[in-house]
Each structure stands twice: as structure tokens, then as C-alpha cells.
$ cat start_18.txt   # compact mmCIF, C-alpha atoms
# COMPACT_ATOMS: atom_id res chain seq x y z
CA MET F 606 47.90 2.98 3.29
CA LYS F 607 46.41 -0.52 3.28
CA LYS F 608 46.04 -2.00 -0.21
CA ILE F 609 42.43 -2.99 -0.87
CA ASP F 610 41.84 -6.25 -2.67
CA LEU F 611 38.93 -5.20 -4.89
CA LYS F 612 37.86 -8.74 -5.70
CA LYS F 613 37.81 -9.77 -2.06
CA ALA F 614 35.92 -6.62 -1.08
CA THR F 615 33.37 -7.22 -3.84
CA ALA F 616 32.77 -10.78 -2.69
CA LYS F 617 32.49 -9.68 0.94
CA LEU F 618 29.99 -6.97 0.01
CA GLY F 619 27.72 -9.45 -1.76
CA GLU F 620 27.89 -11.89 1.12
CA ARG F 621 27.23 -9.18 3.70
CA VAL F 622 24.21 -7.80 1.81
CA ALA F 623 22.76 -11.30 1.41
CA GLN F 624 23.20 -12.24 5.06
CA GLU F 625 21.91 -8.94 6.39
CA SER F 626 18.80 -9.13 4.23
CA VAL F 627 17.50 -12.55 5.23
CA GLY F 628 15.25 -12.41 8.28
CA LYS F 629 16.36 -8.87 9.07
CA SER F 630 15.47 -6.39 6.38
CA ILE F 631 12.56 -5.43 4.15
CA PRO F 632 13.07 -4.49 0.49
CA TRP F 633 12.59 -0.84 -0.36
CA PHE F 634 10.66 -1.40 -3.57
CA PHE F 635 7.89 -3.71 -4.73
CA TYR F 636 10.06 -6.66 -5.69
CA GLU F 637 11.65 -9.28 -3.47
CA PRO F 638 14.00 -11.81 -5.12
CA LYS F 639 13.59 -15.40 -4.00
CA VAL F 640 15.77 -16.14 -0.98
CA PRO F 641 18.16 -19.08 -1.62
CA ALA F 642 17.32 -22.15 0.46
CA SER F 643 20.89 -22.29 1.78
CA LEU F 644 20.50 -18.83 3.36
CA LYS F 645 17.10 -19.66 4.85
CA GLU F 646 18.49 -22.82 6.48
CA LYS F 647 21.32 -20.89 8.10
CA LYS F 648 18.90 -18.48 9.85
CA MET I 1325 14.77 -8.03 -16.44
CA GLU I 1326 15.42 -10.45 -13.57
CA LYS I 1327 17.39 -12.70 -15.95
CA ILE I 1328 19.61 -9.80 -17.04
CA ILE I 1329 20.25 -8.76 -13.46
CA GLU I 1330 20.93 -12.34 -12.41
CA LYS I 1331 23.37 -12.79 -15.30
CA LEU I 1332 25.17 -9.59 -14.30
CA ALA I 1333 25.23 -10.68 -10.65
CA ASN I 1334 26.70 -14.03 -11.73
CA LYS I 1335 29.40 -12.27 -13.74
CA ILE I 1336 30.31 -10.04 -10.79
CA VAL I 1337 30.48 -13.02 -8.44
CA HIS I 1338 32.64 -15.08 -10.77
CA TRP I 1339 34.96 -12.15 -11.33
CA SER I 1340 35.26 -11.45 -7.59
CA CYS I 1341 35.93 -15.11 -6.80
CA SER I 1342 38.25 -15.82 -9.72
CA ASN I 1343 41.19 -15.97 -7.26
CA GLN I 1344 39.53 -18.73 -5.28
CA SER I 1345 40.20 -22.28 -6.44
CA GLU I 1346 36.69 -23.51 -5.82
CA LEU I 1347 33.49 -21.65 -5.12
CA GLY I 1348 30.87 -23.93 -3.58
CA SER I 1349 27.40 -23.79 -5.15
CA GLU I 1350 25.87 -22.67 -1.84
CA GLN I 1351 28.35 -19.83 -1.41
CA GLU I 1352 27.86 -18.85 -5.04
CA GLU I 1353 24.09 -18.76 -4.54
CA ILE I 1354 24.48 -16.48 -1.51
CA LEU I 1355 26.81 -14.07 -3.31
CA VAL I 1356 24.59 -13.94 -6.41
CA TYR I 1357 21.56 -13.23 -4.22
CA GLY I 1358 23.42 -10.37 -2.51
CA TYR I 1359 24.33 -8.82 -5.85
CA VAL I 1360 20.85 -9.31 -7.27
CA LEU I 1361 19.55 -7.25 -4.33
CA LEU I 1362 22.11 -4.50 -4.88
CA LEU I 1363 21.59 -4.38 -8.65
CA GLU I 1364 17.78 -4.45 -8.40
CA ASN I 1365 17.78 -1.44 -6.07
CA ALA I 1366 20.39 0.41 -8.13
CA TYR I 1367 18.49 -0.15 -11.38
CA LYS I 1368 15.17 1.04 -9.94
CA LEU I 1369 16.76 4.13 -8.42
CA LEU I 1370 18.41 4.83 -11.76
CA VAL I 1371 15.13 4.48 -13.68
CA LEU I 1372 13.37 6.83 -11.25
CA LEU I 1373 16.24 9.32 -11.40
CA ILE I 1374 16.23 9.33 -15.22
CA VAL I 1375 12.46 9.77 -15.34
CA ALA I 1376 12.71 12.57 -12.75
CA LEU I 1377 15.46 14.38 -14.65
CA LEU I 1378 13.68 14.06 -18.00
CA THR I 1379 10.45 15.45 -16.56
CA HIS I 1380 12.17 18.12 -14.39
CA THR I 1381 10.54 16.67 -11.26
CA LEU I 1382 13.59 15.73 -9.22
CA THR I 1383 12.44 17.36 -5.97
CA GLU I 1384 8.96 15.88 -6.24
CA THR I 1385 10.40 12.43 -7.02
CA ILE I 1386 12.70 12.58 -4.00
CA ILE I 1387 9.76 13.52 -1.77
CA ILE I 1388 7.39 10.85 -3.11
CA VAL I 1389 9.86 7.97 -3.43
CA GLY I 1390 11.74 9.00 -0.29
CA SER I 1391 8.57 8.97 1.82
CA LEU I 1392 7.51 5.60 0.43
CA VAL I 1393 10.91 3.95 0.79
CA LEU I 1394 11.47 5.32 4.31
CA LEU I 1395 8.17 3.92 5.51
CA ARG I 1396 8.40 0.68 3.52
CA ASN I 1397 11.79 -0.11 5.02
CA PHE I 1398 10.03 -0.56 8.37
CA CYS I 1399 6.50 -1.51 7.41
CA GLY I 1400 6.91 -3.95 4.54
CA GLY I 1401 4.05 -4.76 2.21
CA VAL I 1402 3.05 -6.69 -0.87
CA HIS I 1403 5.51 -7.33 -3.67
CA CYS I 1404 5.11 -7.79 -7.41
CA HIS I 1405 5.93 -11.08 -9.06
CA GLY I 1406 8.65 -9.64 -11.26
CA SER I 1407 11.13 -6.81 -11.45
CA ILE I 1408 9.33 -5.09 -14.34
CA GLY I 1409 6.07 -5.11 -12.35
CA CYS I 1410 7.93 -3.53 -9.46
CA THR I 1411 9.40 -0.80 -11.66
CA LEU I 1412 5.99 -0.07 -13.16
CA SER I 1413 4.48 0.05 -9.65
CA MET I 1414 7.09 2.58 -8.56
CA ILE I 1415 6.34 4.70 -11.61
CA GLY I 1416 2.64 4.38 -10.77
CA VAL I 1417 3.33 5.62 -7.24
CA TRP I 1418 5.38 8.50 -8.65
CA LEU I 1419 2.57 9.44 -11.08
CA ALA I 1420 -0.06 9.24 -8.32
CA GLY I 1421 2.07 11.47 -6.10
CA LEU I 1422 2.57 14.03 -8.88
CA PHE I 1423 -1.13 14.04 -9.74
CA VAL I 1424 -2.19 14.52 -6.12
CA SER I 1425 0.32 17.36 -5.70
CA LYS I 1426 -1.65 19.37 -8.27
CA ILE I 1427 -5.04 19.04 -6.60
CA ASP I 1428 -6.56 20.31 -3.38
CA ILE I 1429 -7.45 17.51 -1.02
CA PRO I 1430 -10.36 18.50 1.25
CA VAL I 1431 -9.46 18.59 4.93
CA PRO I 1432 -11.88 15.78 5.94
CA VAL I 1433 -10.26 13.53 3.31
CA ILE I 1434 -6.81 14.33 4.75
CA PHE I 1435 -8.06 13.28 8.18
CA VAL I 1436 -9.46 10.05 6.75
CA MET I 1437 -6.13 9.34 5.00
CA ALA I 1438 -4.23 10.02 8.21
CA GLY I 1439 -6.62 7.80 10.16
CA ILE I 1440 -6.16 4.88 7.76
CA ILE I 1441 -2.38 5.31 7.83
CA ILE I 1442 -2.20 5.42 11.64
CA TRP I 1443 -4.55 2.49 12.14
CA THR I 1444 -2.80 0.26 9.58
CA ILE I 1445 0.70 0.94 10.86
CA VAL I 1446 -0.21 0.56 14.53
CA ARG I 1447 -2.22 -2.60 13.83
CA TYR I 1448 -0.04 -4.38 11.27
CA ALA I 1449 3.50 -3.05 11.01
CA PRO I 1450 5.79 -4.71 10.12
CA GLN I 1451 4.42 -7.04 7.44
CA THR I 1452 6.86 -9.45 5.85
CA THR I 1453 6.45 -12.12 3.22
CA ARG I 1454 6.78 -15.90 3.42
CA ASN I 1455 9.77 -15.64 1.09
CA ASN I 1456 11.73 -13.64 3.67
CA PRO I 1457 9.90 -13.55 7.00
CA ILE I 1458 11.31 -11.70 9.99
CA GLN I 1459 10.94 -14.00 12.96
CA ASN I 1460 13.44 -12.58 15.42
CA ILE I 1461 11.42 -10.77 18.11
CA SER I 1462 13.95 -7.99 18.68
CA VAL I 1463 14.18 -7.25 14.93
CA LEU I 1464 10.38 -7.17 14.71
CA LYS I 1465 10.24 -4.79 17.67
CA ARG I 1466 12.83 -2.50 16.07
CA LYS I 1467 10.92 -2.47 12.79
CA ARG I 1468 7.66 -1.69 14.58
CA ILE I 1469 9.12 1.14 16.63
CA GLY I 1470 10.84 2.42 13.48
CA ALA I 1471 7.56 2.30 11.55
CA ILE I 1472 5.76 4.38 14.18
CA LEU I 1473 8.63 6.88 14.49
CA VAL I 1474 8.86 7.29 10.69
CA MET I 1475 5.10 7.73 10.55
CA PHE I 1476 5.30 10.60 13.05
CA PHE I 1477 8.29 12.08 11.25
CA LEU I 1478 6.48 12.05 7.89
CA PHE I 1479 3.31 13.44 9.45
CA GLY I 1480 5.44 16.18 10.99
CA ALA I 1481 7.05 16.94 7.63
CA ALA I 1482 3.61 17.00 5.96
CA TYR I 1483 2.26 19.33 8.65
CA VAL I 1484 5.22 21.72 8.49
CA SER I 1485 5.18 21.88 4.71
CA GLY I 1486 1.40 22.03 4.26
CA ILE I 1487 0.19 24.04 7.22
CA LEU I 1488 3.16 26.16 8.30
CA TRP I 1489 4.77 26.80 4.89
CA GLY I 1490 1.61 26.63 2.81
CA ARG I 1491 3.12 24.00 0.49
CA THR I 1492 0.10 21.73 0.29
CA ASP I 1493 1.60 20.01 -2.78
CA ILE I 1494 4.43 18.60 -0.62
CA MET I 1495 1.96 17.61 2.09
CA ASN I 1496 -0.20 15.81 -0.48
CA MET I 1497 2.79 13.95 -1.95
CA ILE I 1498 3.94 12.72 1.47
CA LEU I 1499 0.45 11.62 2.52
CA THR I 1500 -0.18 9.88 -0.81
CA ALA I 1501 3.08 7.94 -0.59
CA MET I 1502 2.21 6.92 2.97
CA LEU I 1503 -1.30 5.87 1.96
CA ILE I 1504 -0.04 3.77 -0.95
CA GLU I 1505 2.41 2.05 1.39
CA VAL I 1506 -0.26 1.15 3.95
CA ILE I 1507 -2.53 -0.11 1.16
CA SER I 1508 0.31 -2.41 0.09
CA MET I 1509 0.52 -3.62 3.71
CA LEU I 1510 -3.21 -4.32 3.81
CA ILE I 1511 -3.01 -6.26 0.53
CA LEU I 1512 -0.22 -8.40 2.00
CA VAL I 1513 -2.22 -8.99 5.20
CA GLU I 1514 -5.18 -10.15 3.09
CA LYS I 1515 -2.92 -12.36 0.96
CA GLU I 1516 -1.27 -14.00 3.99
CA GLU I 1517 -4.66 -14.61 5.66
CA LYS I 1518 -5.92 -16.34 2.49
CA SER I 1519 -2.73 -18.46 2.28
CA ASP I 1520 -3.11 -19.42 5.96
CA GLU I 1521 -6.69 -20.54 5.32
CA GLU I 1522 -5.58 -22.63 2.33
CA ASP I 1523 -2.85 -24.23 4.45
$ encode --input "start_18.txt" --output "C-alpha cells"
Amino acid sequence: MKKIDLKKATAKLGERVAQESVGKSIPWFFYEPKVPASLKEKK
Amino acid sequence: MEKIIEKLANKIVHWSCSNQSELGSEQEEILVYGYVLLLENAYKLLVLLIVALLTHTLTETIIIVGSLVLLRNFCGGVHCHGSIGCTLSMIGVWLAGLFVSKIDIPVPVIFVMAGIIIWTIVRYAPQTTRNNPIQNISVLKRKRIGAILVMFFLFGAAYVSGILWGRTDIMNMILTAMLIEVISMLILVEKEEKSDEED
């Protein structure tokens, strides 16, 4: 069984969520955190 | 509350990247943002779950919040300035849904509600904010089609529960959640039009 690097997986999860949210998804609830400028520029 | 969540997100990011020699500030910002999103949603779901369990209204909470979230995911709408405001808004929605489940809504009023919901979604969905606009045409199309499909699905669920099963309380909760969501869309439309005029 492949050993999972928890730290790497955690970092990847955060990055994936951030990238998938900008310009693609709408928050479920009534609060939307400010999108970092660096992410906006990339899109 | 945002500061606490941001601090926690920072801690998670620094822990997850402790193996890396250098984490650029841009990359750090992106990772923190991702975790803020995850933690914000988790915390709100937890608050609603706790409130639901304490008040023995788990089923009702799932119906009200589920209907709202399902529709909001495709339709968008106005947001509060802070996380606490958002949590209070969600609790307000939950309370409104519970209150409406206990009353009898006259049939003409149900038709008016349905009319407002249909018109708003067909006319305006999806509505996104300047903070995170969706500009890709294919994503916008998917959101719009999704909004209309979810609308029909929720109407179907409301019809089945209210008319076929006689559970008008469930029907009322679904319709109320949908109405609150389209009102939030209309508020955002108004807000964006005012901002455009000022620009």
C-alpha cells in the first residue's frame, strides 16, 4: 500500500480548494473570504 | 471569528509545509486562503449541527439548510461582511424555515413565492461578487443550467412532500429556503447595479 505523506496531502488539499474556488465556485453560506491578489492574477 | 480561523489556517499551512525549505509568500497566501474556505464551511456546518441536535430539529435543519445550500451553490447571492454575520444569517434562515413549517401558507401565496423564485433564477442566476467573479462562459453556463435543474428538483421535492404526502411543513421549509436564496440574489443584483453606477 502506498504510504501517504500527510503533510504533502494537506498542502495539496489547501492549494486545490483555493484554485478550484477562484472564478469557478460560489460559497455555500453567506460569507466569502477575500480572494488573494496572487490567485486573481493567475486566473 | 475570521482572525481565529485565519490563525488556524496559518498554523495548518506552516505545519504542512514544514518540510519545505522555503514557502513563498504568494504560495502561503494561496494555501491559507484554501484552508480558510475549508474551516469556514466546517465551522458553520458544525454550529448548525450543534444547534439542530440541541433543539431536536436535525431533519428540519437538513431540509432547510440543504435546500438553501444546494440552490446557493449554483445561484450565488449577497454575502455578509464577516463570518459572525454569516453564521447569524444562517441561523436566521434556519429559524425562518422552522417558523414557516408550523404555519399554513395559503395556496395563492405559495404560487406567488414560486413565481418570484422562478423569475429571479431564470433572470439572474448565477450572481457572483466582485471579490470572486465567475467570468468563464462555460462555467457560467454550467452554473445557470445547474440553478434551473436544482430549482425544478426542489420544486418537485416540495410538491411530492406537500401535495402527495401531505407534509406541508416540509414543502414550506423548502420553499422558504428557496425564497430566501432568491432574495439574497436580488439584493446582490441591486448592490452591483449601484456599484456600477458609482463607477
$ interface_residues --input "start_18.txt" --of "chain F" --to "chain I" --cutoff "7 Å" --atoms "all atoms listed in the file" --output "PyMOL selection string"
chain F and resi 612-613+615-616+619-620+622-623+627-629+631-637+639-641+643-644
$ atom_distance --input "start_18.txt" --atom1 "CA of Val1513 (chain I)" --atom2 "CA of Tyr1448 (chain I)"
7.9 Å
$ atom_distance --input "start_18.txt" --atom1 "CA of Gly1421 (chain I)" --atom2 "CA of Gly1486 (chain I)"
14.8 Å
$ residues_around --input "start_18.txt" --residues "region 1372-1386 of chain I" --least-positions-apart "5" --cutoff "9 Å" --atoms "all atoms listed in the file" --output "list in words"
Tyr1367, Ser1391, Thr1411, Met1414, Ile1415, Trp1418, Gly1421, Leu1422, Ser1425, Ile1494 and Met1497 of chain I
$ atom_distance --input "start_18.txt" --atom1 "CA of Trp1443 (chain I)" --atom2 "CA of Phe1479 (chain I)"
13.7 Å
$ axis_aligned_box --input "start_18.txt" --around "region 613-622 of chain F" --padding-each-side "3 Å" --output "JSON"
{"center_x": 31.0, "center_y": -9.3, "center_z": -0.1, "size_x": 19.6, "size_y": 11.3, "size_z": 13.5}
$ closest_residue --input "start_18.txt" --among "I:Arg1466, I:Trp1489, I:Ile1434, I:Asp1520" --to "Ser630 (chain F)" --atoms "all atoms listed in the file"
I:Arg1466
